[in-house]
Structure formats: C-alpha cells, structure tokens
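Next comes my_file36.pdb, with PDB, C-alpha atoms and all ligand atoms.
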```pdb
ATOM      1  CA  MET Y   1     110.283 -44.493   5.544
ATOM      2  CA  ARG Y   2     114.040 -44.580   5.059
ATOM      3  CA  GLY Y   3     116.423 -43.997   2.168
ATOM      4  CA  LEU Y   4     117.070 -41.615  -0.680
ATOM      5  CA  TYR Y   5     114.555 -38.926  -1.684
ATOM      6  CA  ALA Y   6     115.368 -37.324  -5.030
ATOM      7  CA  ILE Y   7     113.877 -33.994  -6.069
ATOM      8  CA  THR Y   8     113.654 -32.906  -9.692
ATOM      9  CA  ASP Y   9     114.815 -29.527 -10.924
ATOM     10  CA  PRO Y  10     113.744 -28.644 -14.495
ATOM     11  CA  TYR Y  11     116.342 -25.824 -14.670
ATOM     12  CA  LEU Y  12     119.136 -28.330 -14.011
ATOM     13  CA  THR Y  13     117.754 -31.106 -16.244
ATOM     14  CA  PRO Y  14     115.506 -29.566 -18.897
ATOM     15  CA  GLY Y  15     113.251 -31.326 -21.409
ATOM     16  CA  GLN Y  16     113.727 -35.000 -22.146
ATOM     17  CA  GLN Y  17     116.911 -35.078 -20.037
ATOM     18  CA  LEU Y  18     114.687 -34.906 -16.966
ATOM     19  CA  PHE Y  19     113.162 -38.326 -17.611
ATOM     20  CA  GLU Y  20     116.536 -39.869 -18.435
ATOM     21  CA  ALA Y  21     118.038 -38.432 -15.264
ATOM     22  CA  VAL Y  22     115.108 -39.619 -13.155
ATOM     23  CA  GLU Y  23     115.263 -43.107 -14.630
ATOM     24  CA  ALA Y  24     118.998 -43.306 -13.843
ATOM     25  CA  ALA Y  25     118.250 -42.213 -10.266
ATOM     26  CA  LEU Y  26     115.514 -44.842  -9.960
ATOM     27  CA  ARG Y  27     117.855 -47.547 -11.299
ATOM     28  CA  GLY Y  28     120.310 -46.455  -8.616
ATOM     29  CA  GLY Y  29     117.771 -47.084  -5.859
ATOM     30  CA  VAL Y  30     115.881 -43.845  -5.168
ATOM     31  CA  SER Y  31     112.904 -44.658  -2.907
ATOM     32  CA  TYR Y  32     111.004 -41.347  -3.144
ATOM     33  CA  LEU Y  33     110.853 -38.949  -6.065
ATOM     34  CA  GLN Y  34     109.504 -35.435  -5.656
ATOM     35  CA  TYR Y  35     108.344 -33.456  -8.682
ATOM     36  CA  ARG Y  36     109.361 -29.862  -7.850
ATOM     37  CA  ASP Y  37     108.809 -27.488 -10.756
ATOM     38  CA  LYS Y  38     108.788 -23.697 -10.472
ATOM     39  CA  LEU Y  39     109.218 -23.261 -14.236
ATOM     40  CA  HIS Y  40     106.421 -24.824 -16.251
ATOM     41  CA  GLU Y  41     102.757 -23.920 -16.605
ATOM     42  CA  ALA Y  42      99.890 -26.124 -15.467
ATOM     43  CA  GLY Y  43      99.389 -28.080 -18.713
ATOM     44  CA  ASP Y  44     103.070 -28.972 -19.020
ATOM     45  CA  ARG Y  45     103.271 -29.791 -15.338
ATOM     46  CA  LEU Y  46     100.413 -32.269 -15.716
ATOM     47  CA  ARG Y  47     102.119 -33.991 -18.662
ATOM     48  CA  ILE Y  48     105.503 -34.115 -16.881
ATOM     49  CA  ALA Y  49     103.951 -35.366 -13.639
ATOM     50  CA  GLN Y  50     102.103 -38.153 -15.478
ATOM     51  CA  GLU Y  51     105.333 -39.319 -17.072
ATOM     52  CA  LEU Y  52     107.286 -39.175 -13.808
ATOM     53  CA  ARG Y  53     104.523 -40.998 -11.974
ATOM     54  CA  ALA Y  54     104.626 -43.807 -14.578
ATOM     55  CA  LEU Y  55     108.403 -44.119 -14.134
ATOM     56  CA  CYS Y  56     108.066 -44.284 -10.346
ATOM     57  CA  TYR Y  57     105.397 -46.962 -10.597
ATOM     58  CA  ASP Y  58     107.663 -49.007 -12.913
ATOM     59  CA  TYR Y  59     110.471 -48.896 -10.344
ATOM     60  CA  GLY Y  60     108.329 -49.234  -7.229
ATOM     61  CA  ALA Y  61     109.261 -45.771  -5.953
ATOM     62  CA  TRP Y  62     106.956 -43.316  -4.204
ATOM     63  CA  PHE Y  63     105.936 -40.327  -6.310
ATOM     64  CA  ILE Y  64     105.442 -37.077  -4.410
ATOM     65  CA  VAL Y  65     104.347 -33.705  -5.840
ATOM     66  CA  ASN Y  66     105.721 -30.468  -4.393
ATOM     67  CA  ASP Y  67     103.338 -27.619  -3.460
ATOM     68  CA  ASP Y  68     100.349 -28.565  -5.625
ATOM     69  CA  VAL Y  69      97.471 -30.515  -4.054
ATOM     70  CA  ALA Y  70      95.298 -30.393  -7.199
ATOM     71  CA  LEU Y  71      98.096 -31.886  -9.304
ATOM     72  CA  THR Y  72      98.687 -34.542  -6.649
ATOM     73  CA  LYS Y  73      95.053 -35.586  -6.992
ATOM     74  CA  ALA Y  74      95.003 -35.306 -10.782
ATOM     75  CA  VAL Y  75      97.906 -37.730 -11.263
ATOM     76  CA  GLN Y  76      97.117 -39.925  -8.260
ATOM     77  CA  ALA Y  77     100.538 -39.305  -6.773
ATOM     78  CA  HIS Y  78     101.500 -41.173  -3.612
ATOM     79  CA  GLY Y  79     101.988 -37.918  -1.761
ATOM     80  CA  VAL Y  80     102.361 -34.165  -1.601
ATOM     81  CA  HIS Y  81     105.007 -31.984   0.032
ATOM     82  CA  LEU Y  82     103.841 -28.706   1.620
ATOM     83  CA  GLY Y  83     105.839 -25.694   2.805
ATOM     84  CA  ARG Y  84     104.765 -22.596   4.715
ATOM     85  CA  GLU Y  85     103.622 -20.834   1.526
ATOM     86  CA  ASP Y  86     101.419 -23.770   0.481
ATOM     87  CA  MET Y  87      97.973 -25.079   1.399
ATOM     88  CA  PRO Y  88      97.698 -25.877   5.114
ATOM     89  CA  LEU Y  89      98.011 -29.548   5.990
ATOM     90  CA  GLU Y  90      94.480 -29.820   7.431
ATOM     91  CA  GLU Y  91      92.954 -28.441   4.231
ATOM     92  CA  ALA Y  92      95.048 -30.733   2.023
ATOM     93  CA  ARG Y  93      94.049 -33.730   4.150
ATOM     94  CA  GLU Y  94      90.376 -32.989   3.492
ATOM     95  CA  LEU Y  95      90.902 -32.863  -0.261
ATOM     96  CA  LEU Y  96      93.158 -35.900  -0.631
ATOM     97  CA  ASP Y  97      92.497 -39.623  -0.246
ATOM     98  CA  PRO Y  98      93.249 -40.670   3.333
ATOM     99  CA  ASP Y  99      96.202 -42.824   2.252
ATOM    100  CA  THR Y 100      97.957 -39.986   0.369
ATOM    101  CA  LEU Y 101     101.206 -39.127   2.115
ATOM    102  CA  ILE Y 102     101.623 -35.525   3.308
ATOM    103  CA  GLY Y 103     105.088 -34.173   4.089
ATOM    104  CA  VAL Y 104     105.667 -30.799   5.719
ATOM    105  CA  SER Y 105     108.688 -28.461   5.595
ATOM    106  CA  CYS Y 106     109.738 -27.446   9.104
ATOM    107  CA  TYR Y 107     112.996 -25.582   8.322
ATOM    108  CA  ASN Y 108     114.659 -25.360  11.771
ATOM    109  CA  ASP Y 109     111.410 -25.243  13.730
ATOM    110  CA  LEU Y 110     110.723 -28.109  16.105
ATOM    111  CA  ALA Y 111     107.436 -26.591  17.316
ATOM    112  CA  ARG Y 112     106.169 -26.536  13.717
ATOM    113  CA  ALA Y 113     107.163 -30.202  13.389
ATOM    114  CA  ARG Y 114     105.314 -31.151  16.585
ATOM    115  CA  ALA Y 115     102.215 -29.355  15.309
ATOM    116  CA  ALA Y 116     102.518 -31.056  11.903
ATOM    117  CA  GLN Y 117     102.795 -34.479  13.519
ATOM    118  CA  ASN Y 118      99.771 -33.758  15.710
ATOM    119  CA  ALA Y 119      97.811 -32.617  12.660
ATOM    120  CA  GLY Y 120      98.556 -35.885  10.842
ATOM    121  CA  ALA Y 121     101.689 -35.248   8.756
ATOM    122  CA  ASP Y 122     103.345 -38.421   7.467
ATOM    123  CA  TYR Y 123     106.857 -36.966   7.587
ATOM    124  CA  VAL Y 124     108.567 -33.698   8.391
ATOM    125  CA  ALA Y 125     111.569 -32.153   6.635
ATOM    126  CA  PHE Y 126     114.284 -29.942   8.150
ATOM    127  CA  GLY Y 127     116.940 -27.902   6.356
ATOM    128  CA  ARG Y 128     118.947 -26.631   4.751
ATOM    129  CA  PHE Y 129     121.873 -28.307   6.505
ATOM    130  CA  PHE Y 130     124.655 -27.289   4.100
ATOM    131  CA  ALA Y 131     124.995 -24.459   1.587
ATOM    132  CA  SER Y 132     122.545 -25.127  -1.220
ATOM    133  CA  ARG Y 133     123.203 -23.949  -4.779
ATOM    134  CA  THR Y 134     119.606 -24.806  -5.662
ATOM    135  CA  LYS Y 135     118.079 -22.653  -2.934
ATOM    136  CA  PRO Y 136     120.814 -20.347  -1.572
ATOM    137  CA  GLN Y 137     118.246 -18.236   0.302
ATOM    138  CA  ALA Y 138     117.081 -21.189   2.437
ATOM    139  CA  GLN Y 139     117.718 -20.566   6.126
ATOM    140  CA  PRO Y 140     120.202 -22.843   7.908
ATOM    141  CA  ALA Y 141     118.995 -25.599  10.225
ATOM    142  CA  SER Y 142     121.035 -27.138  13.024
ATOM    143  CA  LEU Y 143     122.010 -30.745  13.581
ATOM    144  CA  GLU Y 144     120.778 -30.311  17.165
ATOM    145  CA  THR Y 145     117.242 -29.674  15.826
ATOM    146  CA  LEU Y 146     117.529 -32.866  13.798
ATOM    147  CA  ARG Y 147     118.694 -34.858  16.852
ATOM    148  CA  GLN Y 148     115.862 -33.503  18.975
ATOM    149  CA  ALA Y 149     113.307 -34.157  16.241
ATOM    150  CA  ARG Y 150     114.412 -37.763  15.875
ATOM    151  CA  ALA Y 151     114.382 -38.289  19.650
ATOM    152  CA  GLU Y 152     110.947 -36.769  20.109
ATOM    153  CA  LEU Y 153     108.843 -37.407  17.016
ATOM    154  CA  THR Y 154     107.381 -40.712  15.893
ATOM    155  CA  ILE Y 155     107.064 -39.874  12.181
ATOM    156  CA  PRO Y 156     110.016 -40.009   9.738
ATOM    157  CA  VAL Y 157     112.436 -37.099   9.646
ATOM    158  CA  VAL Y 158     113.882 -35.894   6.324
ATOM    159  CA  ALA Y 159     117.025 -33.746   5.952
ATOM    160  CA  ILE Y 160     117.503 -31.413   2.967
ATOM    161  CA  GLY Y 161     119.872 -28.772   1.644
ATOM    162  CA  GLY Y 162     123.327 -29.143   0.093
ATOM    163  CA  ILE Y 163     123.513 -32.849   0.861
ATOM    164  CA  THR Y 164     126.087 -34.857  -1.097
ATOM    165  CA  THR Y 165     127.548 -38.360  -0.851
ATOM    166  CA  GLU Y 166     130.431 -36.716   1.065
ATOM    167  CA  ASN Y 167     128.370 -35.153   3.850
ATOM    168  CA  ALA Y 168     125.164 -37.246   4.008
ATOM    169  CA  ASP Y 169     126.559 -39.365   6.859
ATOM    170  CA  VAL Y 170     126.539 -36.237   9.070
ATOM    171  CA  VAL Y 171     122.742 -35.844   8.843
ATOM    172  CA  ILE Y 172     122.111 -39.609   8.936
ATOM    173  CA  ASP Y 173     124.205 -39.869  12.118
ATOM    174  CA  ALA Y 174     122.188 -36.980  13.604
ATOM    175  CA  GLY Y 175     118.960 -38.906  13.013
ATOM    176  CA  ALA Y 176     117.726 -38.311   9.455
ATOM    177  CA  ASP Y 177     115.662 -41.268   8.251
ATOM    178  CA  VAL Y 178     115.673 -39.898   4.724
ATOM    179  CA  VAL Y 179     117.992 -37.566   2.796
ATOM    180  CA  ALA Y 180     116.473 -35.324   0.136
ATOM    181  CA  VAL Y 181     118.761 -34.185  -2.658
ATOM    182  CA  ILE Y 182     118.770 -32.220  -5.886
ATOM    183  CA  GLN Y 183     122.272 -31.217  -7.045
ATOM    184  CA  GLY Y 184     124.024 -33.822  -4.913
ATOM    185  CA  LEU Y 185     122.402 -36.333  -7.251
ATOM    186  CA  PHE Y 186     121.190 -34.708 -10.463
ATOM    187  CA  ALA Y 187     124.259 -32.473 -10.996
ATOM    188  CA  GLN Y 188     126.605 -35.469 -10.783
ATOM    189  CA  PRO Y 189     128.204 -37.013 -13.887
ATOM    190  CA  ASP Y 190     126.978 -40.551 -13.069
ATOM    191  CA  ILE Y 191     123.518 -40.255 -11.515
ATOM    192  CA  GLU Y 192     122.900 -43.986 -11.145
ATOM    193  CA  ALA Y 193     126.235 -44.633  -9.411
ATOM    194  CA  THR Y 194     125.722 -41.613  -7.141
ATOM    195  CA  ALA Y 195     122.263 -42.855  -6.117
ATOM    196  CA  ARG Y 196     123.796 -46.244  -5.271
ATOM    197  CA  GLN Y 197     126.447 -44.520  -3.130
ATOM    198  CA  PHE Y 198     123.755 -42.633  -1.201
ATOM    199  CA  CYS Y 199     121.753 -45.830  -0.693
ATOM    200  CA  GLN Y 200     124.799 -47.662   0.674
ATOM    201  CA  LEU Y 201     125.043 -45.073   3.454
ATOM    202  CA  PHE Y 202     121.661 -46.292   4.747
ATOM    203  CA  GLN Y 203     122.807 -49.909   4.761
ATOM    204  CA  LYS Y 204     125.744 -49.032   7.057
ATOM    205  CA  SER Y 205     123.686 -47.337   9.767
TER     206      SER Y 205
HETATM  207  C1  LIG W   1     111.611 -33.038   1.200
HETATM  208  C2  LIG W   1     111.511 -31.571   1.057
HETATM  209  N1  LIG W   1     111.867 -30.796   2.096
HETATM  210  C3  LIG W   1     111.787 -29.460   1.997
HETATM  211  C4  LIG W   1     111.349 -28.878   0.839
HETATM  212  C5  LIG W   1     111.202 -27.380   0.725
HETATM  213  O1  LIG W   1     109.822 -27.060   0.644
HETATM  214  P1  LIG W   1     109.322 -25.533   0.679
HETATM  215  O2  LIG W   1     109.736 -24.951   1.953
HETATM  216  O3  LIG W   1     107.873 -25.522   0.364
HETATM  217  O4  LIG W   1     110.106 -24.853  -0.493
HETATM  218  P2  LIG W   1     110.035 -25.148  -2.051
HETATM  219  O5  LIG W   1     110.507 -26.537  -2.321
HETATM  220  O6  LIG W   1     108.602 -24.984  -2.506
HETATM  221  O7  LIG W   1     110.971 -24.137  -2.648
HETATM  222  C6  LIG W   1     110.975 -29.717  -0.211
HETATM  223  N2  LIG W   1     110.536 -29.243  -1.383
HETATM  224  N3  LIG W   1     111.064 -31.062  -0.080
HETATM  225  C1  LIG W   2     114.043 -27.043  -1.734
HETATM  226  C2  LIG W   2     115.029 -26.781  -0.661
HETATM  227  N1  LIG W   2     114.624 -26.423   0.588
HETATM  228  C3  LIG W   2     115.645 -26.224   1.417
HETATM  229  S1  LIG W   2     117.149 -26.460   0.653
HETATM  230  C4  LIG W   2     116.381 -26.860  -0.805
HETATM  231  C5  LIG W   2     117.125 -27.192  -2.037
HETATM  232  C6  LIG W   2     117.770 -28.546  -2.005
HETATM  233  O1  LIG W   2     118.558 -28.720  -3.151
HETATM  234  P1  LIG W   2     120.082 -29.154  -3.054
HETATM  235  O2  LIG W   2     120.080 -30.610  -2.653
HETATM  236  O3  LIG W   2     120.603 -28.984  -4.474
HETATM  237  O4  LIG W   2     120.766 -28.271  -2.079
END
```
Would you give me this structure, written as structure tokens?
Amino acid sequence: MRGLYAITDPYLTPGQQLFEAVEAALRGGVSYLQYRDKLHEAGDRLRIAQELRALCYDYGAWFIVNDDVALTKAVQAHGVHLGREDMPLEEARELLDPDTLIGVSCYNDLARARAAQNAGADYVAFGRFFASRTKPQAQPASLETLRQARAELTIPVVAIGGITTENADVVIDAGADVVAVIQGLFAQPDIEATARQFCQLFQKS
C-alpha cells in the first residue's frame, strides 16, 4: 500500500460537485478514496457511497468508508477506517468479510498502533502533522512517531493532517507509505493536476 489517499468532504464539495471532484482526483492517480461524511443522513449516505464506489471501481482505486461498518458492508467497499470513537477493530473484523481492509487512526500513539497491528489492522494512520483547516481540533503528531512506526511496524503507515504538495515530502521522508489529504487536494483549483503532483512525490522516493 503506497500512494495518494483522498478523503471526501461534503462541506467542501457539496452535491454533484463531489462526484466531479472525485473523478478528477481519480484521473490524477488517487489510489485510495475514503468516503468521510459527517453531514448526510443514512439514506443519502448509502446513495452517495454507491456512486463513489462505482467511480472507484471504474478507475481501479480502493474505496474505503469512514466510521461506518454497516455501510461498508452494504456497498461492498474495499475497506473501512476506524477511529477511537468507532466500533472496535475486533468487532468490525467479525462483521466484515475477511478480505475487507481495516485501517485504524492512531493519532500520535505508537502503543495503539502496535495493538492495532497485533489485532489484525491492515494499516495505521498518524496525524495531524500540519495545521488542518478541516479538523483544527485534531491533536498534533510528531515526525519521530512516524519514523518509529515505520521502523517497527510491518503494516503500511498513513500520514494525515494539513498535507499539501508543498509539505508532503516531509512525511514521506519520515516514513509515510501513504499520504491522506482533504483540502490539500479537494480545495485546489486543479484537482487532477494536484493529484498528479502528489503521485510524482512517490515516484521520487
Ligand atoms: C486515513 C485516515 N486517518 C485518520 C482519520 C481520522 O479518523 P478519526 O480519528 O476517526 O476521525 P474522523 O475522520 O472520524 O473525524 C481518517 N478519517 N482517515
Ligand atoms: C480527519 C482528520 N484527522 C486528523 S487531521 C484530519 C483532517 C485532514 O484534512 P486536511 O487534509 O484538509 O487537513
């Protein structure tokens, strides 16, 4: 697992714009797309997730649902991303097909990441690394945690939080296999070109 992980934000790209923005990101080379939606109700979320899943399948990208294990199952997503407020990993694993990817937020907590790996997580995510306009309340994580995680863990390590094409090399150099972005991609005037720029950073290292 390596490359660009784009996360949707329905506040930033409402309505039909969301699908256009996601398709531009996929054309630009996004490998993983996470559907993160704190706005819509269940029925709308199902419809949006089905459409995003179809787009990801068209472009050969992995489709991952944030927070919601039932929705992950309902749309046969490739994976689910779980934070500390969400269903525990062990419980999700019992409900999901064995080949469904499970990612776990570890913030700045290496012990949590070790436990997640031991419990069968497919990747762990650390962050935020830079100031995030999407989630300003997210606690900072250190590059040293990222370095240690990469040195110690065998599963992929994702970096998140305020990442842009200008600063992504800092987290990639510290060991991030994957960079996860919202505004650094979807708030940019040319989403496809920005995705390509991010992807080129992975070809260099
Ligand atoms: C790839 C990735 N990493 C971290 C997060 C944050 O997850 P969480 O802590 O559950 O917070 P919310 O996204 O639910 O606000 C993520 N979504 N994706
Ligand atoms: C969901 C989340 N968790 C930590 S920072 C963050 C938001 C990432 O968005 P952005 O890339 O716009 O900072």
Chain Y near ligand LIG 2 (chain W) within 7 Å: what's each residue's closest atom pair and its distance in Å to one decimal, counting all atoms listed in the file, ordered by chain then ascending residue number, as JSON lines?
```
{"residue": "Y:Gly127", "atom": "CA", "partner": "W:LIG2", "partner_atom": "C3", "distance": 5.4}
{"residue": "Y:Arg128", "atom": "CA", "partner": "W:LIG2", "partner_atom": "S1", "distance": 4.5}
{"residue": "Y:Ala131", "atom": "CA", "partner": "W:LIG2", "partner_atom": "O4", "distance": 6.8}
{"residue": "Y:Ser132", "atom": "CA", "partner": "W:LIG2", "partner_atom": "O4", "distance": 3.7}
{"residue": "Y:Arg133", "atom": "CA", "partner": "W:LIG2", "partner_atom": "O4", "distance": 5.6}
{"residue": "Y:Thr134", "atom": "CA", "partner": "W:LIG2", "partner_atom": "O3", "distance": 4.5}
{"residue": "Y:Lys135", "atom": "CA", "partner": "W:LIG2", "partner_atom": "C5", "distance": 4.7}
{"residue": "Y:Ala138", "atom": "CA", "partner": "W:LIG2", "partner_atom": "C3", "distance": 5.3}
{"residue": "Y:Ile160", "atom": "CA", "partner": "W:LIG2", "partner_atom": "S1", "distance": 5.5}
{"residue": "Y:Gly161", "atom": "CA", "partner": "W:LIG2", "partner_atom": "S1", "distance": 3.7}
{"residue": "Y:Gly162", "atom": "CA", "partner": "W:LIG2", "partner_atom": "O4", "distance": 3.5}
{"residue": "Y:Ile163", "atom": "CA", "partner": "W:LIG2", "partner_atom": "O2", "distance": 5.4}
{"residue": "Y:Ala180", "atom": "CA", "partner": "W:LIG2", "partner_atom": "O2", "distance": 6.6}
{"residue": "Y:Val181", "atom": "CA", "partner": "W:LIG2", "partner_atom": "O2", "distance": 3.8}
{"residue": "Y:Ile182", "atom": "CA", "partner": "W:LIG2", "partner_atom": "O2", "distance": 3.8}
{"residue": "Y:Gln183", "atom": "CA", "partner": "W:LIG2", "partner_atom": "O3", "distance": 3.8}
{"residue": "Y:Gly184", "atom": "CA", "partner": "W:LIG2", "partner_atom": "O2", "distance": 5.6}
```
Just C-alpha atoms for this one: save the residues we selected as a PDB file, in the frame of the given file.
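Wrote again12.pdb, looks like this:
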```pdb
ATOM      1  CA  GLY Y 127     116.940 -27.902   6.356  1.00  0.00           C
ATOM      2  CA  ARG Y 128     118.947 -26.631   4.751  1.00  0.00           C
ATOM      3  CA  ALA Y 131     124.995 -24.459   1.587  1.00  0.00           C
ATOM      4  CA  SER Y 132     122.545 -25.127  -1.220  1.00  0.00           C
ATOM      5  CA  ARG Y 133     123.203 -23.949  -4.779  1.00  0.00           C
ATOM      6  CA  THR Y 134     119.606 -24.806  -5.662  1.00  0.00           C
ATOM      7  CA  LYS Y 135     118.079 -22.653  -2.934  1.00  0.00           C
ATOM      8  CA  ALA Y 138     117.081 -21.189   2.437  1.00  0.00           C
ATOM      9  CA  ILE Y 160     117.503 -31.413   2.967  1.00  0.00           C
ATOM     10  CA  GLY Y 161     119.872 -28.772   1.644  1.00  0.00           C
ATOM     11  CA  GLY Y 162     123.327 -29.143   0.093  1.00  0.00           C
ATOM     12  CA  ILE Y 163     123.513 -32.849   0.861  1.00  0.00           C
ATOM     13  CA  ALA Y 180     116.473 -35.324   0.136  1.00  0.00           C
ATOM     14  CA  VAL Y 181     118.761 -34.185  -2.658  1.00  0.00           C
ATOM     15  CA  ILE Y 182     118.770 -32.220  -5.886  1.00  0.00           C
ATOM     16  CA  GLN Y 183     122.272 -31.217  -7.045  1.00  0.00           C
ATOM     17  CA  GLY Y 184     124.024 -33.822  -4.913  1.00  0.00           C
TER      18      GLY Y 184
END
```
Problem set entry | Selection result for the PyMOL selection byres (((chain Y and resi 114) around 10) and not hetatm) on this file, as a list in words |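 Applied to this file, the PyMOL selection byres (((chain Y and resi 114) around 10) and not hetatm) selects Cys106, Asp109, Leu110, Ala111, Arg112, Ala113, Ala115, Ala116, Gln117, Asn118, Ala119, Ala121, Val124, Ala149, Glu152, Leu153, Thr154 and Ile155 of chain Y.
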For this session: Produce as number ranges by chain the set of residues near ligand LIG 1 (chain W), where near means within 9 Å with all atoms listed in the file considered.
Result: Y: 5-7, 34-38, 65-67, 81-86, 103-107, 123-128, 135, 138, 158-161, 178-181
For this session: Please provide as an MDAnalysis selection string all residues within 12 Å of Pro14 (chain Y), with the sequence filter that same-chain residues fewer than 6 positions apart are discarded (counting all atoms listed in the file).
Result: chainID Y and resid 8 20:22 37 39:40 48 186
Seminar exercise, completed: Students should find that CA of Ala193 (chain Y) and CA of His78 (chain Y) are spaced 25.6 Å
For this session: For the structure provided, state which residues fall under the PyMOL selection byres (((chain Y and resi 94-97) around 10) and not hetatm), and present them as a list in words.
Result: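 Expected selection for the PyMOL selection byres (((chain Y and resi 94-97) around 10) and not hetatm) here is Val69, Ala70, Thr72, Lys73, Gln76, His78, Gly79, Val80, Leu89, Glu90, Glu91, Ala92, Arg93, Pro98, Asp99, Thr100, Leu101 and Ile102 of chain Y.
Remark: for Cys199 (chain Y), the closest of the candidate residues Y:Leu18, Y:Ala187, Y:Ala141, Y:Ala168 is Y:Ala168 (distances computed over all atoms listed in the file).
Nearest residue to Gly60 (chain Y), choosing from Y:Glu23, Y:Asp9, Y:Asp169, Y:Asp44 and counting all atoms listed in the file: Y:Glu23.
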For this session: May I have the residues within 8 Å of Leu146 (chain Y) as JSON, numbers by chain, using all atoms listed in the file and disregarding those fewer than 4 positions away in the same chain?
Result: {"Y": [126, 142, 150, 157, 159, 171, 174, 175, 176]}
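Note that CA of Leu201 (chain Y) and CA of Leu12 (chain Y) are 24.9 Å apart.
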